[in-house]
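Here is the file work16.txt (compact mmCIF, C-alpha atoms).
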```txt
# COMPACT_ATOMS: atom_id res chain seq x y z
CA MET A 14 -46.77 -28.32 -25.66
CA ARG A 15 -45.18 -29.89 -28.78
CA SER A 16 -44.70 -33.64 -28.60
CA VAL A 17 -41.18 -35.02 -28.86
CA THR A 18 -40.37 -36.67 -32.17
CA SER A 19 -38.03 -39.66 -31.99
CA PRO A 20 -34.66 -39.08 -33.68
CA THR A 21 -34.28 -41.09 -36.86
CA LEU A 22 -31.39 -41.97 -39.10
CA ARG A 23 -31.60 -43.48 -42.61
CA ILE A 24 -29.22 -43.83 -45.54
CA SER A 25 -30.11 -43.77 -49.21
CA GLN A 26 -28.82 -46.28 -51.73
CA SER A 27 -27.87 -43.64 -54.28
CA SER A 28 -24.29 -42.81 -55.19
CA PRO A 29 -22.93 -41.02 -53.32
CA ALA A 30 -25.02 -42.23 -50.37
CA THR A 31 -26.90 -39.65 -48.32
CA VAL A 32 -27.50 -40.01 -44.58
CA THR A 33 -30.74 -38.24 -43.71
CA ILE A 34 -31.20 -37.26 -40.08
CA SER A 35 -34.56 -36.07 -38.80
CA GLY A 36 -36.61 -35.75 -35.63
CA ASP A 37 -35.65 -34.21 -32.29
CA TRP A 38 -31.99 -34.72 -31.41
CA THR A 39 -32.27 -33.57 -27.82
CA VAL A 40 -31.35 -35.13 -24.50
CA HIS A 41 -34.99 -36.03 -23.73
CA ALA A 42 -35.51 -37.78 -27.05
CA LEU A 43 -32.15 -39.57 -27.07
CA THR A 44 -32.53 -40.97 -23.54
CA ASP A 45 -35.90 -42.56 -24.29
CA GLY A 46 -35.40 -46.31 -24.00
CA HIS A 47 -32.53 -47.73 -26.09
CA CYS A 48 -32.68 -44.95 -28.66
CA LEU A 49 -29.21 -43.55 -27.97
CA HIS A 50 -27.59 -46.99 -27.95
CA ASN A 51 -29.11 -47.96 -31.29
CA LEU A 52 -28.28 -44.64 -32.95
CA HIS A 53 -24.71 -44.74 -31.66
CA ALA A 54 -24.18 -48.24 -33.04
CA GLU A 55 -25.58 -47.21 -36.42
CA LEU A 56 -23.44 -44.06 -36.54
CA LEU A 57 -20.32 -46.08 -35.82
CA SER A 58 -21.04 -48.26 -38.85
CA TYR A 59 -20.92 -45.14 -41.07
CA GLN A 60 -17.46 -44.07 -39.93
CA GLN A 61 -15.80 -46.21 -42.60
CA HIS A 62 -17.47 -44.20 -45.40
CA SER A 63 -15.81 -40.82 -45.83
CA ASP A 64 -17.79 -39.81 -48.94
CA LEU A 65 -21.21 -39.73 -47.31
CA ILE A 66 -23.51 -36.75 -47.61
CA TRP A 67 -24.99 -35.77 -44.25
CA ASP A 68 -28.37 -34.07 -44.49
CA LEU A 69 -29.51 -32.49 -41.21
CA CYS A 70 -32.16 -30.17 -42.70
CA GLY A 71 -34.92 -32.41 -41.39
CA VAL A 72 -33.87 -32.04 -37.75
CA ASN A 73 -36.62 -30.28 -35.79
CA THR A 74 -34.74 -29.56 -32.56
CA LEU A 75 -31.04 -29.91 -31.81
CA ASP A 76 -29.25 -29.32 -28.52
CA HIS A 77 -25.64 -29.79 -27.47
CA THR A 78 -26.21 -33.42 -26.44
CA GLY A 79 -27.49 -34.40 -29.88
CA ALA A 80 -24.77 -32.37 -31.57
CA GLN A 81 -22.11 -34.12 -29.46
CA VAL A 82 -23.44 -37.53 -30.53
CA LEU A 83 -23.07 -36.59 -34.18
CA TRP A 84 -19.74 -34.81 -33.63
CA HIS A 85 -18.16 -37.89 -32.07
CA ALA A 86 -19.54 -40.04 -34.90
CA TRP A 87 -17.80 -37.65 -37.31
CA GLN A 88 -14.54 -38.17 -35.36
CA CYS A 89 -14.59 -34.57 -34.08
CA ARG A 90 -14.43 -32.89 -37.50
CA ARG A 91 -17.05 -31.50 -39.87
CA PRO A 92 -17.89 -33.79 -42.82
CA ALA A 93 -16.88 -32.62 -46.26
CA GLN A 94 -20.51 -32.64 -47.45
CA LEU A 95 -22.85 -31.41 -44.72
CA ARG A 96 -26.28 -29.89 -45.07
CA VAL A 97 -27.51 -28.27 -41.88
CA HIS A 98 -30.21 -25.76 -41.02
CA ALA A 99 -29.01 -22.20 -40.39
CA ASN A 100 -30.42 -22.28 -36.83
CA HIS A 101 -28.20 -25.27 -36.00
CA GLN A 102 -25.07 -24.03 -37.73
CA GLY A 103 -23.78 -22.21 -34.66
CA ILE A 104 -23.72 -25.33 -32.49
CA PHE A 105 -21.35 -27.15 -34.83
CA GLU A 106 -19.20 -24.04 -35.22
CA ARG A 107 -18.73 -23.89 -31.44
CA LEU A 108 -17.89 -27.60 -31.32
CA GLU A 109 -15.35 -27.09 -34.08
CA GLN A 110 -13.74 -24.19 -32.21
CA VAL A 111 -13.55 -26.20 -28.99
CA SER A 112 -12.00 -29.19 -30.78
CA GLN A 113 -9.28 -27.00 -32.30
CA ARG A 114 -8.42 -25.33 -29.00
CA PRO A 115 -5.20 -26.84 -27.55
CA LEU A 116 -5.40 -28.54 -24.21
CA PRO A 117 -3.82 -26.56 -21.36
CA LYS A 118 -0.46 -27.82 -20.27
CA PRO A 119 -0.31 -29.21 -16.74
CA PRO A 120 1.32 -26.77 -14.34
CA LYS A 121 4.87 -27.46 -13.41
CA GLN A 122 5.51 -28.91 -10.00
CA ARG A 123 6.51 -26.03 -7.80
CA LEU A 124 8.00 -28.25 -5.12
CA ASN A 125 11.03 -30.34 -5.94
CA SER A 126 11.89 -33.54 -4.11
CA ILE A 127 13.90 -31.79 -1.40
CA MET A 128 11.11 -29.31 -0.71
CA GLN A 129 8.56 -32.15 -0.59
CA LEU A 130 10.76 -33.99 1.91
CA GLY A 131 10.91 -30.80 3.94
CA MET A 132 7.12 -30.53 3.93
CA VAL A 133 6.84 -34.12 5.13
CA MET A 134 9.34 -33.46 7.92
CA LEU A 135 7.49 -30.30 8.96
CA GLY A 136 4.27 -32.28 9.13
CA PHE A 137 5.98 -34.96 11.21
CA PHE A 138 7.33 -32.40 13.69
CA SER A 139 3.92 -30.75 13.86
CA HIS A 140 2.32 -34.07 14.82
CA ALA A 141 5.13 -34.78 17.31
CA ARG A 142 4.71 -31.37 18.94
CA ASP A 143 0.93 -31.75 19.28
CA LEU A 144 1.30 -35.28 20.61
CA LEU A 145 3.87 -34.14 23.16
CA THR A 146 1.54 -31.32 24.21
CA LEU A 147 -1.29 -33.84 24.60
CA LEU A 148 0.94 -36.09 26.72
CA GLY A 149 1.95 -33.17 28.96
CA GLN A 150 -1.68 -32.16 29.43
CA LEU A 151 -2.51 -35.77 30.28
CA ILE A 152 0.13 -35.77 33.03
CA PHE A 153 -1.35 -32.58 34.52
CA ASP A 154 -4.86 -34.06 34.34
CA LEU A 155 -3.68 -37.24 36.06
CA GLY A 156 -2.15 -35.14 38.84
CA ARG A 157 -5.42 -33.29 39.28
CA PHE A 158 -7.31 -36.58 39.31
CA LEU A 159 -5.01 -38.01 42.00
CA ARG A 160 -5.37 -34.89 44.16
CA HIS A 161 -9.16 -34.84 43.93
CA PRO A 162 -10.33 -38.35 43.02
CA VAL A 163 -13.89 -37.75 44.21
CA ARG A 164 -14.42 -35.09 41.52
CA GLY A 165 -12.89 -37.24 38.81
CA PRO A 166 -14.72 -38.35 35.63
CA TRP A 167 -15.74 -41.73 36.97
CA LYS A 168 -18.80 -42.08 34.73
CA GLU A 169 -16.77 -41.39 31.60
CA LEU A 170 -14.10 -43.84 32.80
CA SER A 171 -16.58 -46.64 33.44
CA ALA A 172 -18.39 -46.03 30.14
CA ASN A 173 -15.13 -46.19 28.20
CA LEU A 174 -14.07 -49.33 30.09
CA TYR A 175 -17.31 -51.00 29.06
CA ARG A 176 -17.13 -49.93 25.41
CA MET A 177 -13.42 -50.61 24.91
CA GLY A 178 -13.04 -53.61 27.20
CA ALA A 179 -16.22 -55.61 27.78
CA GLN A 180 -17.61 -55.14 24.27
CA ALA A 181 -14.31 -56.25 22.72
CA LEU A 182 -14.31 -59.65 24.45
CA GLY A 183 -16.20 -61.37 21.64
CA ILE A 184 -13.97 -60.42 18.72
CA THR A 185 -10.75 -60.96 20.68
CA ALA A 186 -11.92 -64.41 21.80
CA LEU A 187 -12.82 -65.43 18.25
CA VAL A 188 -9.54 -64.22 16.75
CA GLY A 189 -7.54 -65.68 19.65
CA ILE A 190 -9.06 -69.16 19.27
CA LEU A 191 -8.54 -69.16 15.51
CA ILE A 192 -4.94 -67.99 15.78
CA GLY A 193 -4.25 -70.62 18.42
CA ILE A 194 -5.71 -73.38 16.24
CA VAL A 195 -3.77 -72.26 13.16
CA LEU A 196 -0.48 -71.86 15.02
CA SER A 197 -0.87 -75.22 16.76
CA TYR A 198 -1.78 -76.94 13.50
CA LEU A 199 1.23 -75.58 11.62
CA SER A 200 3.61 -76.32 14.49
CA ALA A 201 2.27 -79.83 15.01
CA GLN A 202 2.88 -80.71 11.37
CA GLN A 203 6.59 -79.96 11.71
CA LEU A 204 7.08 -81.26 15.26
CA ARG A 205 5.48 -84.58 14.45
CA THR A 206 7.97 -85.05 11.62
CA PHE A 207 10.95 -84.69 13.97
CA GLY A 208 9.37 -86.38 16.99
CA GLY A 209 9.23 -83.23 19.09
CA ASP A 210 5.54 -83.31 19.97
CA LEU A 211 6.09 -82.06 23.52
CA PHE A 212 7.69 -78.83 22.34
CA ILE A 213 4.37 -77.58 21.00
CA VAL A 214 3.66 -76.34 24.51
CA ASN A 215 6.84 -74.24 24.43
CA ILE A 216 6.07 -72.83 20.98
CA LEU A 217 2.48 -71.94 21.76
CA GLY A 218 3.19 -70.64 25.26
CA MET A 219 6.10 -68.38 24.34
CA SER A 220 4.66 -67.08 21.08
CA ILE A 221 1.16 -66.39 22.41
CA ILE A 222 1.89 -65.12 25.92
CA ARG A 223 4.92 -63.04 25.00
CA GLU A 224 4.14 -61.80 21.47
CA LEU A 225 0.94 -62.79 19.72
CA GLY A 226 -1.49 -62.16 22.57
CA PRO A 227 -0.54 -58.51 23.20
CA MET A 228 -0.07 -57.84 19.48
CA LEU A 229 -3.43 -59.31 18.43
CA ALA A 230 -5.29 -57.51 21.17
CA ALA A 231 -3.58 -54.21 20.32
CA ILE A 232 -4.32 -54.47 16.59
CA LEU A 233 -7.97 -55.32 17.21
CA VAL A 234 -8.36 -52.52 19.75
CA ALA A 235 -6.61 -50.04 17.43
CA GLY A 236 -9.00 -50.88 14.62
CA ARG A 237 -12.08 -51.04 16.81
CA SER A 238 -11.68 -48.62 19.72
CA GLY A 239 -9.04 -46.33 18.21
CA SER A 240 -11.19 -45.52 15.21
CA ALA A 241 -14.22 -45.01 17.48
CA ILE A 242 -12.31 -42.52 19.65
CA THR A 243 -11.11 -40.54 16.63
CA ALA A 244 -14.57 -40.54 15.06
CA GLN A 245 -16.22 -39.45 18.33
CA LEU A 246 -13.87 -36.52 18.85
CA GLY A 247 -14.06 -35.67 15.14
CA VAL A 248 -17.85 -35.53 15.19
CA MET A 249 -17.71 -33.34 18.28
CA ARG A 250 -15.40 -31.04 16.32
CA VAL A 251 -17.74 -31.00 13.31
CA THR A 252 -20.81 -30.31 15.45
CA GLU A 253 -18.88 -27.69 17.48
CA GLU A 254 -19.39 -29.55 20.76
CA LEU A 255 -15.71 -29.07 21.61
CA ASP A 256 -16.09 -25.32 21.18
CA ALA A 257 -19.19 -25.37 23.38
CA MET A 258 -17.25 -27.24 26.09
CA ARG A 259 -14.46 -24.66 25.92
CA VAL A 260 -16.98 -21.82 26.26
CA MET A 261 -18.55 -23.51 29.32
CA GLY A 262 -15.10 -23.96 30.89
CA ILE A 263 -15.09 -27.77 30.65
CA PRO A 264 -11.52 -28.96 29.92
CA HIS A 265 -11.19 -31.37 27.01
CA GLY A 266 -8.26 -33.23 28.53
CA PHE A 267 -9.85 -33.94 31.90
CA ARG A 268 -13.28 -34.96 30.58
CA LEU A 269 -12.49 -36.54 27.22
CA ILE A 270 -8.82 -37.51 26.86
CA MET A 271 -7.86 -38.79 30.32
CA PRO A 272 -10.84 -41.19 30.76
CA LYS A 273 -10.12 -42.79 27.38
CA VAL A 274 -6.39 -43.20 28.08
CA LEU A 275 -7.01 -44.63 31.54
CA ALA A 276 -9.73 -46.94 30.23
CA LEU A 277 -7.48 -48.42 27.56
CA ALA A 278 -4.53 -48.64 29.99
CA ILE A 279 -6.75 -50.72 32.30
CA ALA A 280 -8.66 -52.69 29.67
CA MET A 281 -5.72 -53.67 27.46
CA PRO A 282 -3.91 -55.92 30.00
CA LEU A 283 -7.21 -57.64 30.74
CA LEU A 284 -7.83 -58.13 27.03
CA VAL A 285 -4.31 -59.50 26.67
CA ILE A 286 -5.02 -62.10 29.36
CA TRP A 287 -8.32 -62.96 27.71
CA THR A 288 -6.73 -63.28 24.27
CA ASP A 289 -3.90 -65.41 25.68
CA VAL A 290 -6.36 -67.79 27.33
CA MET A 291 -8.51 -68.09 24.19
CA ALA A 292 -5.50 -68.64 21.95
CA LEU A 293 -4.10 -71.30 24.29
CA ILE A 294 -7.49 -73.02 24.37
CA GLY A 295 -7.50 -73.07 20.57
CA GLY A 296 -3.96 -74.44 20.62
CA MET A 297 -4.94 -77.16 23.09
CA ILE A 298 -7.89 -78.20 20.91
CA SER A 299 -5.67 -78.49 17.86
CA ALA A 300 -2.89 -80.26 19.78
CA GLN A 301 -5.34 -82.85 21.10
CA ALA A 302 -6.78 -83.45 17.63
CA LEU A 303 -3.42 -83.75 15.85
CA LEU A 304 -1.02 -85.05 18.49
CA GLY A 305 -3.34 -86.67 21.00
CA MET A 306 -2.07 -84.35 23.77
CA THR A 307 -4.63 -84.01 26.54
CA PRO A 308 -5.57 -80.53 27.86
CA GLU A 309 -4.54 -81.61 31.37
CA PHE A 310 -1.01 -82.38 30.22
CA PHE A 311 -0.89 -79.12 28.27
CA VAL A 312 -1.86 -77.08 31.34
CA TYR A 313 0.56 -79.03 33.53
CA LYS A 314 3.45 -78.49 31.11
CA LEU A 315 2.76 -74.79 30.41
CA PRO A 316 4.28 -73.23 33.60
CA GLU A 317 7.44 -75.27 33.09
CA ALA A 318 7.74 -74.28 29.41
CA VAL A 319 6.99 -70.57 29.84
CA PRO A 320 8.66 -68.63 32.68
CA LEU A 321 6.37 -66.30 34.61
CA LEU A 322 8.38 -63.25 33.56
CA ASN A 323 7.02 -63.59 30.01
CA TYR A 324 3.53 -63.17 31.40
CA TRP A 325 4.48 -59.84 33.02
CA ILE A 326 6.21 -58.70 29.85
CA GLY A 327 2.97 -59.37 27.96
CA LEU A 328 0.95 -57.37 30.49
CA GLY A 329 3.47 -54.53 30.30
CA LYS A 330 3.07 -54.52 26.54
CA GLY A 331 -0.68 -54.37 26.97
CA VAL A 332 -0.52 -51.27 29.17
CA THR A 333 1.94 -49.54 26.83
CA PHE A 334 -0.03 -50.41 23.71
CA GLY A 335 -3.27 -49.19 25.27
CA ILE A 336 -1.79 -45.82 26.21
CA LEU A 337 -0.23 -45.38 22.76
CA ILE A 338 -3.45 -46.28 20.93
CA ALA A 339 -5.53 -43.91 23.06
CA LEU A 340 -3.09 -41.02 22.68
CA ILE A 341 -2.82 -41.41 18.92
CA ALA A 342 -6.59 -41.75 18.51
CA CYS A 343 -7.24 -38.64 20.62
CA HIS A 344 -4.48 -36.74 18.82
CA PHE A 345 -6.00 -37.34 15.39
CA GLY A 346 -9.52 -36.76 16.72
CA LEU A 347 -8.61 -33.30 18.01
CA ARG A 348 -6.97 -32.42 14.67
CA ILE A 349 -10.15 -33.09 12.69
CA GLU A 350 -11.32 -30.08 10.72
CA PRO A 351 -15.04 -29.23 10.66
CA ASN A 352 -15.84 -31.17 7.48
CA THR A 353 -16.70 -34.78 6.70
CA GLU A 354 -13.72 -35.37 4.38
CA SER A 355 -11.29 -34.54 7.17
CA LEU A 356 -13.23 -36.85 9.49
CA GLY A 357 -12.79 -39.85 7.20
CA ARG A 358 -9.14 -39.08 6.47
CA GLY A 359 -8.34 -38.56 10.16
CA THR A 360 -10.01 -41.82 11.22
CA THR A 361 -8.09 -43.79 8.60
CA SER A 362 -4.80 -42.15 9.58
CA SER A 363 -5.48 -42.84 13.24
CA VAL A 364 -5.90 -46.59 12.73
CA VAL A 365 -2.91 -46.91 10.38
CA ILE A 366 -0.57 -44.88 12.58
CA ALA A 367 -1.73 -46.64 15.75
CA ILE A 368 -1.05 -50.11 14.31
CA THR A 369 2.33 -48.95 12.99
CA VAL A 370 3.34 -47.48 16.35
CA VAL A 371 2.22 -50.67 18.12
CA ILE A 372 4.47 -52.77 15.87
CA ILE A 373 7.39 -50.40 16.44
CA ALA A 374 6.81 -50.49 20.21
CA ASP A 375 6.71 -54.29 20.09
CA ALA A 376 10.07 -54.29 18.30
CA VAL A 377 11.48 -52.00 21.01
CA PHE A 378 10.20 -54.39 23.67
CA ALA A 379 11.82 -57.31 21.84
CA ILE A 380 15.17 -55.50 21.80
CA ILE A 381 15.03 -54.39 25.44
CA PHE A 382 13.92 -57.77 26.77
CA SER A 383 15.86 -59.90 24.31
CA LYS A 384 17.73 -61.69 27.09
CA VAL A 385 14.92 -61.80 29.63
CA GLY A 386 12.36 -64.53 30.17
CA TYR A 387 14.03 -67.45 28.36
```

Starting from the file, give its structure as structure tokens.
Amino acid sequence: MRSVTSPTLRISQSSPATVTISGDWTVHALTDGHCLHNLHAELLSYQQHSDLIWDLCGVNTLDHTGAQVLWHAWQCRRPAQLRVHANHQGIFERLEQVSQRPLPKPPKQRLNSIMQLGMVMLGFFSHARDLLTLLGQLIFDLGRFLRHPVRGPWKELSANLYRMGAQALGITALVGILIGIVLSYLSAQQLRTFGGDLFIVNILGMSIIRELGPMLAAILVAGRSGSAITAQLGVMRVTEELDAMRVMGIPHGFRLIMPKVLALAIAMPLLVIWTDVMALIGGMISAQALLGMTPEFFVYKLPEAVPLLNYWIGLGKGVTFGILIALIACHFGLRIEPNTESLGRGTTSSVVIAITVVIIADAVFAIIFSKVGY
């Protein structure tokens, strides 16, 4: 086997100057160490001289990679004075033909703005129809579960309760405490200026119990459990487990969808309570540090500052948010196509849509109960 000769490049001092190129200008020779980098830098320094004579007769082997290096150094055109071996002439002729070929024009957009809007609306109605079908099937499955509770999917329900509820206690507690500290710190700065230190209990109680607690828990659950539900159903679609269940006569809704919806409907109010407590504890810590308010006084003042109806509104939000997150996650999980790209896109869409729907639902709650609980 012939050994590879390193590509070399030298210029004579005669007038006009001659650039002599020799060696093997192949991909294996050029990628040896810093050879390509050094040759490229030297070739760039010759671009300012248009009267150079390029002598390539000493090149032993030339492939398209080596020819491309020289072609780019020549600014994609053949030099006026070029000496090249007859065996290598064809490579530069092909490069010259390719360089002169016009670039294809980008195809015109077949869909105008109105047609694109129509496609978006059709996609929206398709999602709405499938989600409505999923909701109807869930109602039928709940009726079957109530008629025959002994044969219900209790193991799936308890497993989902553990994964979506118990395992989420840590992250919700951490976020709740931090939000409570931040909110109490910012409120205390302003209240201390106007002498309204006692109203920090009202601000923290109303904002956390009525709004922030359910919203924080829902966003965390949507990002954590919602994505897990979509990914689980998507992987079952990719591995054809859903098709195997259909062949064996096992209903998807009764064994997969209903336990997840029920688990989140049960776990979310409990997580809301947990997040409320942690956020209020963080608020009490900050209030004691900044305003000297004792935790005992904070707890004593809280029932007076926050009517009990706000607590039930927060729990109602938790149940609603849990059902919405589970339905959206299952909906996107069942729409996953049997490929990994669809799995990633569906999981991302599930989380984004779930958080958006939760915010919209919270706005609806705020409008409906705008004159309740104050």

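With distances restricted to only C-alpha atoms, A:Val214 is the closest residue to Glu317 of chain A from A:Ile222, A:Ala244, A:Ile349, A:Val214.
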
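Using all atoms listed in the file, the shortest contact distance between Leu328 of chain A and any of A:Thr31, A:Thr288, A:Thr361, A:Thr243 is found at A:Thr288.
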
Judged by only C-alpha atoms, the minimum distance to Ser19 of chain A among A:Ile221, A:Ile34, A:Leu69, A:Leu277 is found for A:Ile34

Step by step: start from the point (-7.4, -77.4, 15.1) in the file's coordinates, keep every protein, DNA or RNA residue that has an atom no farther than 10 Å from it, count all atoms listed in the file, and write the set as a list of chain:residue names. A:Ile190, A:Leu191, A:Ile192, A:Gly193, A:Ile194, A:Val195, A:Leu196, A:Ser197, A:Tyr198, A:Leu199, A:Ala201, A:Gly295, A:Gly296, A:Met297, A:Ile298, A:Ser299, A:Ala300, A:Gln301, A:Ala302, A:Leu303

Sel. within 6 Å of pt (-39.8, -35.9, -24.8), counting all atoms listed in the file, output as a list in words: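 Counting all atoms listed in the file, I find these residues within 6 Å of (-39.8, -35.9, -24.8): Val17, His41 and Ala42 of chain A.
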
From A:Phe311, A:Thr33, A:His77, A:Met134, residue lying nearest Leu95 of chain A [only C-alpha atoms]: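 With only C-alpha atoms as the atom set, the closest residue is A:Thr33.
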
The residue from A:Ile152, A:Ala230, A:Ile368, A:Val312 with the smallest atom-to-atom distance to Val274 of chain A, counting only C-alpha atoms, is A:Ile152
